[in-house]
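As provided, work_34.tsv (TSV, C-alpha atoms) reads as follows.
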```tsv
chain	number	residue	atom	x	y	z
A	1	MET	CA	8.24	51.26	52.75
A	2	PHE	CA	8.14	54.95	51.90
A	3	ASP	CA	5.21	57.15	52.96
A	4	LEU	CA	3.90	59.70	50.44
A	5	ALA	CA	2.78	61.93	53.32
A	6	ASP	CA	6.26	62.06	54.86
A	7	PRO	CA	7.91	65.46	54.15
A	8	ALA	CA	11.35	63.90	54.57
A	9	PHE	CA	10.60	61.39	51.82
A	10	LEU	CA	9.23	64.05	49.46
A	11	ALA	CA	12.29	66.23	50.10
A	12	ASN	CA	14.72	63.41	49.24
A	13	PRO	CA	13.24	60.06	48.20
A	14	TYR	CA	16.51	58.56	46.99
A	15	PRO	CA	17.78	57.06	50.29
A	16	TYR	CA	14.40	55.35	50.72
A	17	PHE	CA	14.68	53.91	47.22
A	18	ALA	CA	18.21	52.67	47.93
A	19	ASP	CA	17.00	50.86	51.03
A	20	LEU	CA	14.25	49.16	49.06
A	21	ARG	CA	16.63	48.23	46.24
A	22	GLU	CA	18.94	46.47	48.69
A	23	ARG	CA	16.00	44.30	49.79
A	24	GLY	CA	14.73	43.41	46.33
A	25	GLU	CA	13.99	44.69	42.85
A	26	VAL	CA	10.17	44.78	43.13
A	27	HIS	CA	7.98	45.42	46.16
A	28	ARG	CA	4.29	45.64	46.92
A	29	HIS	CA	3.35	49.14	48.12
A	30	ASP	CA	0.08	48.94	50.01
A	31	GLY	CA	-0.27	52.72	50.17
A	32	LEU	CA	-0.13	53.02	46.39
A	33	GLY	CA	-2.06	49.81	45.87
A	34	ILE	CA	0.43	48.59	43.28
A	35	ALA	CA	3.79	46.88	43.00
A	36	VAL	CA	6.82	49.11	42.36
A	37	ALA	CA	10.05	48.27	40.53
A	38	VAL	CA	13.07	49.96	42.12
A	39	SER	CA	16.03	48.60	40.15
A	40	HIS	CA	17.04	49.80	36.70
A	41	SER	CA	16.63	46.37	35.13
A	42	ALA	CA	13.20	45.77	36.65
A	43	SER	CA	12.00	49.27	35.76
A	44	ALA	CA	13.23	48.83	32.19
A	45	ALA	CA	11.42	45.48	32.03
A	46	VAL	CA	8.20	47.15	33.19
A	47	LEU	CA	8.51	49.76	30.44
A	48	ARG	CA	9.35	47.21	27.71
A	49	HIS	CA	7.23	44.17	28.56
A	50	ARG	CA	4.51	43.60	25.99
A	51	GLY	CA	2.35	41.94	28.64
A	52	LEU	CA	2.20	45.27	30.47
A	53	GLY	CA	0.25	48.11	28.91
A	54	ARG	CA	-1.23	51.52	29.49
A	55	ILE	CA	-4.83	50.42	29.97
A	56	TRP	CA	-6.98	53.48	30.51
A	57	ARG	CA	-9.80	53.20	33.02
A	58	ASP	CA	-12.15	56.16	33.15
A	59	ALA	CA	-12.12	58.26	36.31
A	60	LEU	CA	-15.34	57.58	38.18
A	61	PRO	CA	-18.12	58.52	38.20
A	62	VAL	CA	-17.89	58.88	34.43
A	63	GLU	CA	-20.45	61.68	34.24
A	64	ARG	CA	-18.43	63.75	36.72
A	65	PHE	CA	-15.18	63.47	34.72
A	66	ALA	CA	-16.40	63.58	31.12
A	67	SER	CA	-13.72	65.96	29.81
A	68	PHE	CA	-10.85	64.50	31.83
A	69	ASN	CA	-11.72	61.04	30.52
A	70	LEU	CA	-12.06	62.33	26.94
A	71	LEU	CA	-8.54	63.75	27.04
A	72	HIS	CA	-7.05	60.53	28.36
A	73	ARG	CA	-9.18	57.99	26.52
A	74	ASN	CA	-7.93	59.52	23.24
A	75	SER	CA	-4.34	60.11	24.33
A	76	LEU	CA	-1.24	58.53	22.84
A	77	LEU	CA	0.02	57.98	26.38
A	78	GLU	CA	-2.99	55.96	27.49
A	79	ASN	CA	-3.35	53.62	24.53
A	80	GLU	CA	-1.71	50.43	23.35
A	81	PRO	CA	-1.42	48.99	19.81
A	82	PRO	CA	-3.12	49.16	17.42
A	83	ALA	CA	-4.52	52.56	18.53
A	84	HIS	CA	-1.15	53.63	19.93
A	85	THR	CA	0.65	52.67	16.73
A	86	ARG	CA	-1.71	54.80	14.64
A	87	LEU	CA	-1.56	57.81	16.99
A	88	ARG	CA	2.22	57.70	17.39
A	89	ARG	CA	2.78	57.41	13.63
A	90	VAL	CA	0.76	60.56	13.04
A	91	ILE	CA	2.34	62.55	15.90
A	92	ALA	CA	5.90	61.42	15.15
A	93	GLY	CA	5.31	62.34	11.51
A	94	ALA	CA	4.21	65.83	12.52
A	95	PHE	CA	7.31	66.25	14.72
A	96	GLY	CA	9.44	64.85	11.93
A	97	ARG	CA	8.36	67.61	9.54
A	98	GLY	CA	11.04	69.88	10.94
A	99	HIS	CA	9.25	71.53	13.84
A	100	VAL	CA	12.08	70.95	16.33
A	101	GLN	CA	14.74	72.35	13.98
A	102	ARG	CA	12.44	75.23	13.04
A	103	LEU	CA	12.05	76.16	16.69
A	104	ARG	CA	15.71	75.81	17.75
A	105	PRO	CA	16.80	79.44	16.99
A	106	MET	CA	13.61	80.79	18.56
A	107	VAL	CA	14.15	78.73	21.72
A	108	ALA	CA	17.69	80.12	22.10
A	109	GLU	CA	16.46	83.68	21.57
A	110	LEU	CA	13.64	83.22	24.08
A	111	ALA	CA	15.99	81.77	26.69
A	112	ASP	CA	18.43	84.65	26.23
A	113	GLY	CA	15.69	87.25	26.70
A	114	MET	CA	14.26	85.50	29.75
A	115	VAL	CA	17.67	85.27	31.42
A	116	ASP	CA	18.17	88.98	30.69
A	117	GLY	CA	14.93	89.59	32.60
A	118	LEU	CA	16.12	87.36	35.42
A	119	ALA	CA	19.39	89.29	35.60
A	120	ALA	CA	17.57	92.62	35.61
A	121	GLU	CA	15.42	91.65	38.58
A	122	ILE	CA	18.43	90.33	40.49
A	123	ALA	CA	20.19	93.65	39.86
A	124	GLU	CA	17.14	95.58	41.06
A	125	THR	CA	15.99	93.55	44.05
A	126	GLY	CA	18.90	91.26	44.92
A	127	SER	CA	17.26	87.97	43.95
A	128	ALA	CA	14.71	86.52	41.52
A	129	ASP	CA	12.72	83.34	40.98
A	130	LEU	CA	14.33	81.32	38.19
A	131	LEU	CA	11.16	79.27	37.77
A	132	ALA	CA	9.00	82.33	37.16
A	133	HIS	CA	11.50	84.05	34.84
A	134	LEU	CA	12.80	81.08	32.84
A	135	ALA	CA	11.83	77.49	33.66
A	136	GLN	CA	8.06	78.05	33.47
A	137	PRO	CA	7.65	80.59	30.64
A	138	LEU	CA	10.19	79.04	28.24
A	139	PRO	CA	8.41	75.74	27.50
A	140	VAL	CA	5.05	77.54	27.47
A	141	ALA	CA	6.25	79.96	24.80
A	142	VAL	CA	7.68	77.07	22.77
A	143	ILE	CA	4.52	74.98	23.00
A	144	ALA	CA	2.41	78.03	22.09
A	145	GLU	CA	4.52	78.47	18.95
A	146	LEU	CA	4.35	74.74	18.22
A	147	LEU	CA	0.55	74.74	18.51
A	148	GLY	CA	0.17	78.11	16.82
A	149	VAL	CA	-1.70	79.74	19.71
A	150	PRO	CA	-1.16	83.23	21.17
A	151	ILE	CA	1.62	83.44	23.75
A	152	LYS	CA	-0.72	85.53	25.92
A	153	ASP	CA	-2.77	82.34	26.44
A	154	GLY	CA	0.29	80.56	27.83
A	155	PRO	CA	-0.19	81.33	31.55
A	156	ARG	CA	-3.80	80.14	31.44
A	157	MET	CA	-2.78	76.91	29.69
A	158	VAL	CA	-0.17	76.30	32.40
A	159	THR	CA	-2.77	76.79	35.13
A	160	LEU	CA	-5.09	74.32	33.43
A	161	SER	CA	-2.25	71.83	32.96
A	162	ASN	CA	-1.27	72.11	36.62
A	163	HIS	CA	-4.83	71.30	37.70
A	164	ILE	CA	-5.07	68.31	35.35
A	165	VAL	CA	-1.77	66.66	36.27
A	166	LYS	CA	-2.71	66.70	39.95
A	167	MET	CA	-4.99	63.76	39.07
A	168	TYR	CA	-1.87	61.61	38.58
A	169	GLU	CA	-1.06	61.86	42.27
A	170	TYR	CA	-2.34	59.46	44.93
A	171	GLY	CA	-4.90	60.29	47.63
A	172	LEU	CA	-6.03	63.49	45.93
A	173	ALA	CA	-8.66	65.61	47.71
A	174	GLU	CA	-12.09	65.76	46.05
A	175	GLU	CA	-11.93	69.50	45.38
A	176	LYS	CA	-8.70	68.99	43.42
A	177	ARG	CA	-10.34	66.23	41.40
A	178	ASP	CA	-13.15	68.63	40.56
A	179	ALA	CA	-10.59	71.28	39.61
A	180	ALA	CA	-8.94	68.78	37.24
A	181	GLU	CA	-12.25	68.15	35.49
A	182	ALA	CA	-13.06	71.85	35.21
A	183	ALA	CA	-9.62	72.50	33.75
A	184	SER	CA	-10.05	69.62	31.30
A	185	ALA	CA	-13.39	70.99	30.11
A	186	GLU	CA	-11.92	74.46	29.56
A	187	PHE	CA	-8.92	73.01	27.72
A	188	VAL	CA	-11.13	70.88	25.45
A	189	GLU	CA	-13.22	73.92	24.53
A	190	TYR	CA	-10.12	76.03	23.88
A	191	LEU	CA	-8.47	73.45	21.62
A	192	ARG	CA	-11.67	72.81	19.68
A	193	ASP	CA	-11.75	76.52	18.87
A	194	VAL	CA	-8.08	76.42	17.81
A	195	ALA	CA	-8.76	73.44	15.55
A	196	LYS	CA	-11.69	75.27	13.89
A	197	GLN	CA	-9.49	78.32	13.28
A	198	ARG	CA	-6.74	76.18	11.73
A	199	ALA	CA	-9.23	74.33	9.55
A	200	ASN	CA	-10.25	77.67	8.05
A	201	SER	CA	-6.74	79.12	7.99
A	202	PRO	CA	-3.92	76.54	8.18
A	203	GLY	CA	-0.52	77.67	9.44
A	204	ASP	CA	3.02	76.42	10.01
A	205	ASP	CA	2.14	74.65	13.26
A	206	ILE	CA	1.54	71.15	14.51
A	207	VAL	CA	-2.25	71.57	14.86
A	208	SER	CA	-2.45	72.34	11.15
A	209	ASP	CA	-0.34	69.25	10.46
A	210	LEU	CA	-2.58	67.07	12.62
A	211	LEU	CA	-5.72	68.39	10.93
A	212	ARG	CA	-4.41	66.94	7.67
A	213	SER	CA	-4.03	63.52	9.33
A	214	GLU	CA	-6.46	60.75	10.11
A	215	LEU	CA	-6.98	61.86	13.73
A	216	THR	CA	-10.49	62.44	14.99
A	217	GLU	CA	-11.27	65.80	16.56
A	218	ASP	CA	-11.18	64.26	20.03
A	219	GLU	CA	-7.78	62.67	19.29
A	220	LEU	CA	-6.43	65.95	17.97
A	221	VAL	CA	-7.57	67.82	21.09
A	222	ALA	CA	-6.15	65.11	23.38
A	223	THR	CA	-2.84	65.20	21.50
A	224	ALA	CA	-2.52	68.98	21.76
A	225	VAL	CA	-3.25	68.92	25.48
A	226	LEU	CA	-0.78	66.07	26.01
A	227	LEU	CA	1.94	68.03	24.21
A	228	LEU	CA	1.37	70.98	26.50
A	229	MET	CA	1.14	68.98	29.73
A	230	ALA	CA	4.03	66.62	29.05
A	231	GLY	CA	6.21	69.21	27.37
A	232	HIS	CA	5.66	71.85	30.02
A	233	GLU	CA	5.82	69.77	33.20
A	234	ALA	CA	8.91	67.80	32.22
A	235	THR	CA	10.91	70.79	30.99
A	236	VAL	CA	10.00	73.09	33.89
A	237	ASN	CA	11.06	70.51	36.43
A	238	VAL	CA	14.26	69.39	34.70
A	239	ILE	CA	15.37	73.03	34.52
A	240	GLY	CA	14.27	73.79	38.09
A	241	ASN	CA	15.53	70.58	39.70
A	242	GLY	CA	18.64	70.64	37.52
A	243	VAL	CA	19.76	74.20	38.20
A	244	ASN	CA	19.13	73.62	41.90
A	245	ALA	CA	21.35	70.52	41.72
A	246	LEU	CA	24.08	72.38	39.82
A	247	LEU	CA	24.14	75.31	42.24
A	248	THR	CA	24.06	72.94	45.22
A	249	HIS	CA	26.98	71.00	43.74
A	250	ARG	CA	28.93	74.15	42.96
A	251	GLY	CA	31.86	72.42	41.34
A	252	GLN	CA	29.60	71.01	38.63
A	253	TRP	CA	28.12	74.44	37.87
A	254	GLU	CA	31.62	75.93	37.54
A	255	ARG	CA	32.65	72.95	35.41
A	256	LEU	CA	29.79	73.68	32.97
A	257	VAL	CA	30.62	77.40	32.87
A	258	ALA	CA	34.23	76.56	32.01
A	259	ALA	CA	33.46	73.72	29.56
A	260	PRO	CA	30.31	74.42	27.49
A	261	ASP	CA	31.12	71.35	25.39
A	262	LEU	CA	29.75	69.34	28.34
A	263	LEU	CA	26.26	70.75	27.67
A	264	ASP	CA	24.79	67.61	26.08
A	265	PRO	CA	25.92	65.13	28.76
A	266	CYS	CA	24.92	67.71	31.39
A	267	VAL	CA	21.34	67.74	30.10
A	268	GLU	CA	21.17	63.94	30.36
A	269	GLU	CA	22.68	63.97	33.84
A	270	LEU	CA	20.16	66.50	35.12
A	271	ILE	CA	17.31	64.33	33.81
A	272	ARG	CA	18.84	61.34	35.62
A	273	PHE	CA	19.88	62.96	38.87
A	274	ASP	CA	16.50	64.30	40.01
A	275	SER	CA	13.86	62.87	37.71
A	276	PRO	CA	10.83	65.12	37.02
A	277	LEU	CA	8.65	62.00	36.62
A	278	GLN	CA	9.14	59.56	39.45
A	279	LEU	CA	6.63	56.84	38.62
A	280	PHE	CA	5.09	55.42	35.44
A	281	GLU	CA	2.30	52.85	35.80
A	282	ARG	CA	1.54	49.83	33.63
A	283	THR	CA	-1.25	47.26	33.83
A	284	ALA	CA	-0.81	43.53	33.22
A	285	THR	CA	-2.80	42.30	30.22
A	286	THR	CA	-1.77	38.74	31.14
A	287	ASP	CA	0.10	37.20	34.05
A	288	VAL	CA	3.60	38.69	34.03
A	289	GLU	CA	6.77	38.12	36.05
A	290	ILE	CA	9.18	41.02	36.67
A	291	ALA	CA	12.42	40.19	38.50
A	292	GLY	CA	10.73	37.17	40.09
A	293	PHE	CA	7.67	39.15	41.21
A	294	ARG	CA	4.34	37.94	39.80
A	295	VAL	CA	1.93	40.56	38.49
A	296	ALA	CA	-1.47	38.99	37.85
A	297	GLU	CA	-3.61	39.98	34.89
A	298	GLY	CA	-5.41	43.24	35.66
A	299	GLU	CA	-2.98	44.30	38.39
A	300	LYS	CA	-0.75	47.35	38.14
A	301	ILE	CA	2.98	47.79	38.56
A	302	GLY	CA	4.92	51.04	38.53
A	303	ALA	CA	8.44	51.75	37.34
A	304	LEU	CA	10.05	54.05	39.90
A	305	LEU	CA	12.15	56.06	37.45
A	306	GLY	CA	13.88	58.01	40.20
A	307	ALA	CA	14.95	54.77	41.86
A	308	ALA	CA	16.14	53.27	38.56
A	309	ALA	CA	18.24	56.40	38.00
A	310	ARG	CA	20.25	55.77	41.18
A	311	ASP	CA	20.92	52.04	40.66
A	312	PRO	CA	24.63	51.40	41.40
A	313	LYS	CA	24.60	48.37	39.09
A	314	VAL	CA	24.15	50.75	36.15
A	315	PHE	CA	25.53	54.10	37.33
A	316	ASP	CA	28.94	54.56	38.93
A	317	ARG	CA	28.57	56.68	42.10
A	318	PRO	CA	24.85	57.15	41.38
A	319	ASP	CA	24.29	59.74	44.11
A	320	THR	CA	27.01	61.97	42.65
A	321	LEU	CA	26.12	64.66	40.13
A	322	ASP	CA	28.55	64.29	37.22
A	323	ILE	CA	27.78	66.49	34.21
A	324	GLY	CA	30.32	64.58	32.12
A	325	ARG	CA	28.71	61.18	32.80
A	326	THR	CA	28.82	58.92	29.77
A	327	PRO	CA	27.19	56.62	29.03
A	328	ASN	CA	24.01	57.63	30.81
A	329	ALA	CA	21.26	55.05	30.43
A	330	HIS	CA	18.60	56.94	32.40
A	331	LEU	CA	14.93	56.15	31.86
A	332	GLY	CA	13.74	59.74	32.31
A	333	PHE	CA	12.01	59.83	28.92
A	334	GLY	CA	10.72	56.28	29.22
A	335	MET	CA	11.53	53.28	27.07
A	336	GLY	CA	9.79	51.14	24.51
A	337	ILE	CA	6.72	52.22	22.58
A	338	HIS	CA	5.89	54.93	25.11
A	339	TYR	CA	9.26	56.67	24.81
A	340	CYS	CA	8.55	60.41	24.92
A	341	VAL	CA	7.93	61.69	21.40
A	342	GLY	CA	8.76	65.23	22.53
A	343	ALA	CA	12.16	64.34	24.03
A	344	PRO	CA	14.20	66.07	21.27
A	345	LEU	CA	12.33	69.35	21.84
A	346	ALA	CA	12.70	69.08	25.62
A	347	ARG	CA	16.45	68.61	25.22
A	348	VAL	CA	16.66	71.73	23.02
A	349	GLU	CA	14.81	73.80	25.64
A	350	ILE	CA	16.90	72.56	28.58
A	351	ALA	CA	20.14	73.14	26.67
A	352	ALA	CA	19.07	76.66	25.66
A	353	ALA	CA	18.22	77.54	29.27
A	354	LEU	CA	21.57	76.26	30.56
A	355	THR	CA	23.52	78.02	27.81
A	356	ALA	CA	21.85	81.36	28.54
A	357	LEU	CA	22.37	81.00	32.29
A	358	THR	CA	26.02	79.97	32.17
A	359	THR	CA	27.02	82.61	29.63
A	360	LYS	CA	25.04	85.55	31.03
A	361	LEU	CA	25.07	84.72	34.76
A	362	PRO	CA	28.17	82.60	35.46
A	363	GLY	CA	28.18	83.75	39.10
A	364	LEU	CA	24.65	82.49	39.74
A	365	GLU	CA	23.98	81.26	43.30
A	366	LEU	CA	21.04	80.07	45.37
A	367	ALA	CA	19.53	82.94	47.36
A	368	GLU	CA	17.85	80.50	49.75
A	369	ALA	CA	17.01	76.81	49.97
A	370	PRO	CA	14.12	76.09	47.57
A	371	GLU	CA	10.78	74.69	48.70
A	372	GLN	CA	9.78	71.32	47.27
A	373	ARG	CA	6.33	70.82	45.74
A	374	PRO	CA	4.24	68.49	47.94
A	375	GLU	CA	3.59	65.94	45.16
A	376	PHE	CA	5.44	62.70	44.51
A	377	VAL	CA	4.74	61.47	40.96
A	378	ILE	CA	5.69	64.78	39.33
A	379	ARG	CA	8.70	66.08	41.23
A	380	GLY	CA	9.53	69.77	41.20
A	381	LEU	CA	10.01	72.99	43.14
A	382	ARG	CA	7.56	75.71	44.13
A	383	SER	CA	10.18	78.39	43.45
A	384	LEU	CA	13.93	78.74	42.96
A	385	LEU	CA	15.25	82.06	44.26
A	386	VAL	CA	18.69	82.86	42.83
A	387	THR	CA	21.16	85.70	43.11
A	388	THR	CA	24.68	86.51	41.91
A	389	GLY	CA	27.86	86.70	43.93
```
Give the structure from the file, written as structure tokens.
Amino acid sequence: MFDLADPAFLANPYPYFADLRERGEVHRHDGLGIAVAVSHSASAAVLRHRGLGRIWRDALPVERFASFNLLHRNSLLENEPPAHTRLRRVIAGAFGRGHVQRLRPMVAELADGMVDGLAAEIAETGSADLLAHLAQPLPVAVIAELLGVPIKDGPRMVTLSNHIVKMYEYGLAEEKRDAAEAASAEFVEYLRDVAKQRANSPGDDIVSDLLRSELTEDELVATAVLLLMAGHEATVNVIGNGVNALLTHRGQWERLVAAPDLLDPCVEELIRFDSPLQLFERTATTDVEIAGFRVAEGEKIGALLGAAARDPKVFDRPDTLDIGRTPNAHLGFGMGIHYCVGAPLARVEIAAALTALTTKLPGLELAEAPEQRPEFVIRGLRSLLVTTG
């Protein structure tokens, strides 16, 4: 069984997943304290099964994590029907009022400008961090526009988000748990102020839309924070992991440069090949059987999305990066009622980043091997230094 403290596993978990998959579709992981599904079919069953839900349990002690619990107790991600149905209807309706299409030209313009900045630093110093110049600031700028908040607040929101999502990892140190609560409290206060401003002066943003809905103030705040955390973390890591994969598999980068019509399947392949979210937990609301493995009521099981994405029963040559891969039934945005509501916007951002890079910097190369972040659940890089040949 894989060890979350093993640097070799964190650097490349996929051979470990393949070994597990050969021995069965679901396994008990004592280190995680849950069962894990490693095949595509079992992972899909975990995501779809109506006897498995996102059952939120407050972080304990409750008084120590009041703001963290508020954000998650009222979150679309952590609720099941009927609360989930109501929350998703409101949020999907807000997204459906044209926000993604409204933002598309702005996203392309932002990506172009950020890649220009990346190119300028490469020209001046010889290399530059693609995460700092493009992957991190692009989704922040987009989410700031979506929420109608100043772009200057973006870096602080990212810092808060980074502290909060650390709580999704296993075996977290107490000081990092405290940092997650402090970040949650600051985020709650910030979004309450934004909501008050929009109530007095509505704008063309999703917070103004949500204020006109049936959401409570706590639900509105939790929704706004979820949009930032989910939208930022997923997009940053798909761009970072994906560009690293493309430059490592040089033929695929050159293929994309030469054939921009492969952009859409390329985006899907990058989500599949090195998934930014490796594990998604569910809790049994009744006794459930997944691929012959019994999950008793109250027990948890996780879908290992990264393992599902390399299942040879679904993907031909699963360990090969193929930007023309079709069909591509990855589970990177989930499945079932918890399918990512922001997936269309994430795809627009990733495509804009790749378009700007391949058109403005077709000779892009890795300047050095990137350093992996030390977390498992959310998979990404610390930095991605690039240069041009």
Could you pull the residues within 12 Å of Ala45 (chain A), counting all atoms listed in the file, minus those fewer than 4 positions along the same chain, as a VMD selection string?
chain A and resid 25 to 26 36 to 41 49 to 53 282 288 to 293 301 to 305 308 331 334 to 336
Measure the distance from CA of Glu145 (chain A) to CA of Glu219 (chain A) in Å and round it to one decimal.
20.0 Å
Find the residue from A:Pro155, A:Lys300, A:Arg86, A:Arg255 that sits nearest to His29 (chain A); use all atoms listed in the file when measuring.
A:Lys300
Do a neighbour search on region 244-250 of chain A at 8 Å with only C-alpha atoms, toss out local chain neighbours closer than 3 positions, and write the hits as a ChimeraX atom specification.
/A:240-241,253-254,270,321,364-366,370,384
Ranking A:Ile151, A:Ile55, A:Leu130, A:Met167 by minimum distance to Gly298 (chain A) and counting only C-alpha atoms, which one comes first?
A:Ile55
Using only C-alpha atoms, what table do you get, as a tab-separated table, when you list each residue of region 20-77 of chain A with an atom no more than 9 Å from region 223-237 of chain A, its nearest pair of atoms, and their distance in Å rounded to one decimal, rows by chain then rising number?
```
residue	atom	partner	partner_atom	distance
A:Leu71	CA	A:Val225	CA	7.6
A:His72	CA	A:Leu226	CA	8.7
A:Asn74	CA	A:Thr223	CA	7.8
A:Ser75	CA	A:Thr223	CA	6.0
A:Leu76	CA	A:Thr223	CA	7.0
A:Leu77	CA	A:Leu226	CA	8.1
```
Answer as an NGL selection string, residues within 12 Å of (-1.3, 50.5, 52.3) using only C-alpha atoms
:A and (1-4 or 28-35 or 170-171)
As a compact mmCIF listing (two decimals) with C-alpha atoms, in the coordinates of the input, please: the residues near Ala179 (chain A) (cut-off 9 Å, only C-alpha atoms, same-chain neighbours under 5 positions excluded).
```txt
# COMPACT_ATOMS: atom_id res chain seq x y z
CA LEU A 160 -5.09 74.32 33.43
CA HIS A 163 -4.83 71.30 37.70
CA ILE A 164 -5.07 68.31 35.35
CA GLU A 174 -12.09 65.76 46.05
CA SER A 184 -10.05 69.62 31.30
```
